[in-house]
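Undergrad: Below are the structure tokens for one structure; questions will follow.
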Amino acid sequence: MTAHHDAVVVGAGIVGAACAEALSRSGMSVLVLDASFAGSGTTAAGMGHLVVMDDSPAQLALTAYSGRLWAALAPELPRNVEHEACGTLWVAEDDEQLEAVRAKQSVYADSGVATEILSPAQLAEAEPHLRPGLAGALLVRGDAVIYPPNGARALLQRAITNGASVREGVRVNAIGAREVIAGNERISCDCVINAAGALAPELTPGIPIVPRKGHLVITDRYPGFCRHQLVELGYLTSAHTMTTESVAFNVQPRATGQMLIGSSRELVGWDGSINRSIVRRMLDRALDFMPGLALASAIRTWTGFRPTTPDKLPLIGSWDEMPGLWIAAGHEGLGITTSVGTGQLLADLITGRAPAIDPAPFAPSRVLAGVGEH
Amino acid sequence: MAINGAAAELNIVVDDQRIRVAAGTTVAAALFNLGTAAFRTSVSGEPRGPVCGMGVCFECRVTIDSRPHQRACLIAVADGMHIRTATEA
């Protein structure tokens, strides 16, 4: 007989960890279960870019809110989370994109996110290895990077300090009404949070989440070669458009001097093998922006699966089909950023507090109602 | 390399020190002959040097002519070559 818990969180990726942290901070008794170990799935595959994004007003609200929560958390994070306040540079290739940079700046300003527009000369000074002739960039100083698996573990550690329990290597077979079944154990609780990421539909049939594969390459150490997270302005097009295959220039400096090179998006089910042709396209895109990268040694390439919803917004809230079931899944490529906002939003909804941002755009019922179809 | 008698010598620069080494010497051998043990610095700041001597372990990496992460055990010295050791990159 397992003790009753106020909440059982299924999945100890960074989103589940953030939910456990926020729920336990609200005074709830929390149990976290993970089939493998904390932060080992999509969390371990991601870049760890804490980024404000404006693909939609709801995405902007959640990422800006999460950015503020991360900034408050940063001084308390263990060193191994490798929180680096490197900022993001959204790079514009031509005058048309520079116009988009100006629009982006005004949208960010409306959300209280401070940005600066860099001239071509300022951009060349900030990032000397970018190719000459770029039109400029938008600098978002508040953005940062972390090492995601340790970010998840740090959040779990805070939950444990608040009294939560974490059990790794426990596969949940089914989620029932106010209970979780794992092997021959039945764990009763007041609420269950399905935070199983791209695997969430296996436990809650009907959740419209599909795996969207990505590749990352990491280089050897070249300290100072790049100083900010660099993203091409066209990234949003790549991230938003649900084409079968897309790549975008996205390079990140790590604390070690290594660089992470992304990004790619593919809809190929759960095939995790390296697709050499898309890696080639991804690296060609990176070389187009940073020709000097050609001299760098790539030491590892891996893939991961973003949990993707039809409207690219996560599902955060109650699952009305089953009493006591809550969903915190479907964070696509932004789960590291939006984990902490998700945890707080969900804890506010569960405990009946007024959330800091409007939860309606994230309500799982929107996808049940057929909103945001492909 | 000369078949009989002394090998031809080349000039190289190791960490700002000019030295003469026999042609055909690997960079790793040239550094060993200088008494260098710390070829590179690990991510946690520890000195590292060659282990395998055949290009597999990557512990002998040095910066050669401004190119970081070159395997000293696989590269022969060239006249005028600049080698930098104990770098993080």
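Just so we're on the same page: first chain in the structure tokens is A, next is B, and so on; residues restart at 1 for each chain, and ligands are numbered from 1 in the order they show up.
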Counting only C-alpha atoms, give me one row per residue of chain B with an atom at most 8 Å from an atom of chain A, showing the shortest contact pair and its distance in Å to one decimal, sorted by chain then residue number, as a tab-separated table.
TA:
```
residue	atom	partner	partner_atom	distance
B:Val43	CA	A:Thr256	CA	6.5
B:Arg67	CA	A:Leu295	CA	7.7
B:Pro68	CA	A:Tyr222	CA	7.7
B:His69	CA	A:Asp220	CA	7.9
B:Glu88	CA	A:Arg221	CA	7.0
B:Ala89	CA	A:Tyr222	CA	5.3
```
Undergrad: Name the residues of range 9-163 of chain A that fall into strand (DSSP E) according to DSSP on the backbone, using the chain letters and numbers of this document, as a VMD selection string.
TA: chain A and resid 9 to 10 30 to 34 49 to 50 88 to 92 116 to 118 136 to 140 144 to 145
Undergrad: Tell me which of A:Gln157, A:Asn184, A:Asn194, A:Asn173 sits closest to Val9 in chain A, counting only C-alpha atoms.
TA: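 Residue with the minimum atom-to-atom distance to Val9 in chain A: A:Asn194.
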Undergrad: Running DSSP on the backbone, which parts of chain B land in helix (DSSP H, G or I), as a list in words?
TA: Val27, Ala28, Ala29, Ala30, Leu31, Phe32, Asn33 and Leu34 of chain B
Undergrad: What gap, in Å, lies between CA of Ala177 in chain A and CA of Met28 in chain A?
TA: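 Value for the CA of Ala177 in chain A-CA of Met28 in chain A distance: 18.5 Å.
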Undergrad: Which polymer residues have any atom within 12 Å of an atom of Gly214 in chain A, counting only C-alpha atoms, with same-chain residues fewer than 6 positions away left out, as a ChimeraX atom specification?
TA: /A:42,45-47,238-239,244-248,261-275,278-279,282,301-308,332-333
Undergrad: Please measure the separation of CA of Gly234 in chain A and CA of Val210 in chain A, giving the value in Å to one decimal.
TA: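 Going from CA of Gly234 in chain A over to CA of Val210 in chain A, I get 23.2 Å.
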Undergrad: Find the residues around Asp95 in chain A up to 9 Å (only C-alpha atoms counted), leave out those fewer than 5 positions away in its own chain, and share them as JSON, numbers by chain.
TA: {"A": [100, 135, 136]}
Undergrad: Please produce a file of the residues just selected, as a PDB file, in the first residue's frame, where the atoms kept are N, CA and C atoms.
TA:
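out15.pdb, freshly written:
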```
ATOM      1  N   ALA A 100      11.706  43.629 -39.822  1.00  0.00           N
ATOM      2  CA  ALA A 100      11.088  42.662 -38.922  1.00  0.00           C
ATOM      3  C   ALA A 100      11.705  42.752 -37.529  1.00  0.00           C
ATOM      4  N   ALA A 135      22.650  42.699 -41.992  1.00  0.00           N
ATOM      5  CA  ALA A 135      21.946  43.976 -41.879  1.00  0.00           C
ATOM      6  C   ALA A 135      21.884  44.489 -40.443  1.00  0.00           C
ATOM      7  N   GLY A 136      22.079  43.615 -39.472  1.00  0.00           N
ATOM      8  CA  GLY A 136      21.988  44.028 -38.070  1.00  0.00           C
ATOM      9  C   GLY A 136      21.400  42.912 -37.237  1.00  0.00           C
TER      10      GLY A 136
END
```
Undergrad: Counting only C-alpha atoms, what is within 10 Å of Ser119 in chain A, bar same-chain residues fewer than 3 positions away, as a PyMOL selection string?
TA: chain A and resi 98+116+122-125+134-138
Undergrad: Do a neighbour search on Thr87 in chain B at 9 Å with only C-alpha atoms, toss out local chain neighbours closer than 6 positions, and write the hits as a PyMOL selection string.
TA: chain B and resi 39-42+61-63+68
Undergrad: Have a look at CA of Leu325 in chain A and CA of Ala20 in chain A and let me know their distance in Å, one decimal.
TA: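 Those two atoms sit 14.8 Å apart.
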Undergrad: Please identify all polymer residues within 12 Å of Ala30 in chain B, counting only C-alpha atoms, omitting same-chain residues fewer than 5 positions from it, and present them as an mmCIF file with N, CA and C atoms, in the first residue's frame.
TA:
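Output file result_8.cif is given in full below:
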```cif
data_model
loop_
_atom_site.group_PDB
_atom_site.id
_atom_site.type_symbol
_atom_site.label_atom_id
_atom_site.label_comp_id
_atom_site.auth_asym_id
_atom_site.auth_seq_id
_atom_site.Cartn_x
_atom_site.Cartn_y
_atom_site.Cartn_z
ATOM 1 N N GLU B 9 67.593 19.760 -40.471
ATOM 2 C CA GLU B 9 66.908 20.397 -39.349
ATOM 3 C C GLU B 9 65.988 21.511 -39.826
ATOM 4 N N LEU B 10 64.899 21.697 -39.065
ATOM 5 C CA LEU B 10 63.924 22.747 -39.368
ATOM 6 C C LEU B 10 63.807 23.667 -38.159
ATOM 7 N N ASN B 11 63.331 24.888 -38.423
ATOM 8 C CA ASN B 11 63.075 25.832 -37.315
ATOM 9 C C ASN B 11 61.587 25.813 -36.989
ATOM 10 N N ILE B 12 61.271 25.654 -35.715
ATOM 11 C CA ILE B 12 59.870 25.791 -35.277
ATOM 12 C C ILE B 12 59.833 26.679 -34.041
ATOM 13 N N VAL B 13 58.627 27.136 -33.695
ATOM 14 C CA VAL B 13 58.462 27.984 -32.517
ATOM 15 C C VAL B 13 57.461 27.304 -31.594
ATOM 16 N N VAL B 14 57.903 27.019 -30.362
ATOM 17 C CA VAL B 14 57.014 26.395 -29.380
ATOM 18 C C VAL B 14 56.809 27.378 -28.232
ATOM 19 N N ARG B 18 62.106 29.625 -29.929
ATOM 20 C CA ARG B 18 62.562 29.109 -31.236
ATOM 21 C C ARG B 18 63.456 27.901 -31.010
ATOM 22 N N ILE B 19 63.171 26.799 -31.698
ATOM 23 C CA ILE B 19 64.042 25.628 -31.570
ATOM 24 C C ILE B 19 64.274 25.004 -32.947
ATOM 25 N N ARG B 20 65.311 24.159 -33.017
ATOM 26 C CA ARG B 20 65.609 23.421 -34.250
ATOM 27 C C ARG B 20 65.331 21.950 -33.987
ATOM 28 N N VAL B 21 64.616 21.338 -34.893
ATOM 29 C CA VAL B 21 64.309 19.908 -34.732
ATOM 30 C C VAL B 21 64.577 19.191 -36.051
ATOM 31 N N ALA B 22 64.799 17.882 -35.952
ATOM 32 C CA ALA B 22 65.070 17.089 -37.158
ATOM 33 C C ALA B 22 63.805 16.991 -38.003
ATOM 34 N N ALA B 23 63.973 17.125 -39.292
ATOM 35 C CA ALA B 23 62.843 16.951 -40.203
ATOM 36 C C ALA B 23 62.281 15.548 -40.015
ATOM 37 N N GLY B 24 60.960 15.413 -40.138
ATOM 38 C CA GLY B 24 60.339 14.109 -39.987
ATOM 39 C C GLY B 24 59.894 13.824 -38.559
ATOM 40 N N THR B 25 60.311 14.692 -37.628
ATOM 41 C CA THR B 25 59.881 14.537 -36.233
ATOM 42 C C THR B 25 58.389 14.872 -36.126
ATOM 43 N N GLY B 35 60.852 18.500 -23.179
ATOM 44 C CA GLY B 35 60.463 18.262 -21.787
ATOM 45 C C GLY B 35 59.034 18.677 -21.479
ATOM 46 N N THR B 36 58.262 18.957 -22.542
ATOM 47 C CA THR B 36 56.874 19.367 -22.329
ATOM 48 C C THR B 36 56.019 18.165 -21.932
ATOM 49 N N ALA B 37 55.263 18.287 -20.847
ATOM 50 C CA ALA B 37 54.343 17.212 -20.459
ATOM 51 C C ALA B 37 52.890 17.641 -20.666
ATOM 52 N N PHE B 39 50.445 19.112 -22.762
ATOM 53 C CA PHE B 39 50.166 19.543 -24.128
ATOM 54 C C PHE B 39 48.937 20.445 -24.182
ATOM 55 N N ALA B 72 49.044 16.415 -31.983
ATOM 56 C CA ALA B 72 50.497 16.544 -32.115
ATOM 57 C C ALA B 72 51.148 15.242 -32.561
ATOM 58 N N CYS B 73 50.540 14.099 -32.225
ATOM 59 C CA CYS B 73 51.172 12.814 -32.536
ATOM 60 C C CYS B 73 51.040 12.438 -34.007
ATOM 61 N N ILE B 75 51.065 14.811 -36.613
ATOM 62 C CA ILE B 75 51.515 15.863 -37.526
ATOM 63 C C ILE B 75 53.035 16.016 -37.441
ATOM 64 N N ALA B 76 53.683 16.016 -38.592
ATOM 65 C CA ALA B 76 55.135 16.214 -38.629
ATOM 66 C C ALA B 76 55.446 17.708 -38.585
ATOM 67 N N VAL B 77 56.574 18.065 -37.974
ATOM 68 C CA VAL B 77 56.950 19.473 -37.932
ATOM 69 C C VAL B 77 57.198 19.984 -39.351
ATOM 70 N N ALA B 78 56.946 21.277 -39.527
ATOM 71 C CA ALA B 78 57.238 21.923 -40.809
ATOM 72 C C ALA B 78 58.026 23.181 -40.499
ATOM 73 N N MET B 81 56.837 26.410 -38.354
ATOM 74 C CA MET B 81 55.591 26.084 -37.653
ATOM 75 C C MET B 81 55.554 26.731 -36.263
ATOM 76 N N ILE B 83 53.741 26.482 -32.609
ATOM 77 C CA ILE B 83 52.976 25.541 -31.784
ATOM 78 C C ILE B 83 52.700 26.182 -30.430
#
```
Undergrad: Check the smallest atom-to-atom distance from each of A:Val367, A:Glu96, A:Val91, A:Ile193 to Met290 in chain A using only C-alpha atoms, then report the winner.
TA: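 For Met290 in chain A, the nearest of the candidates is A:Val91.
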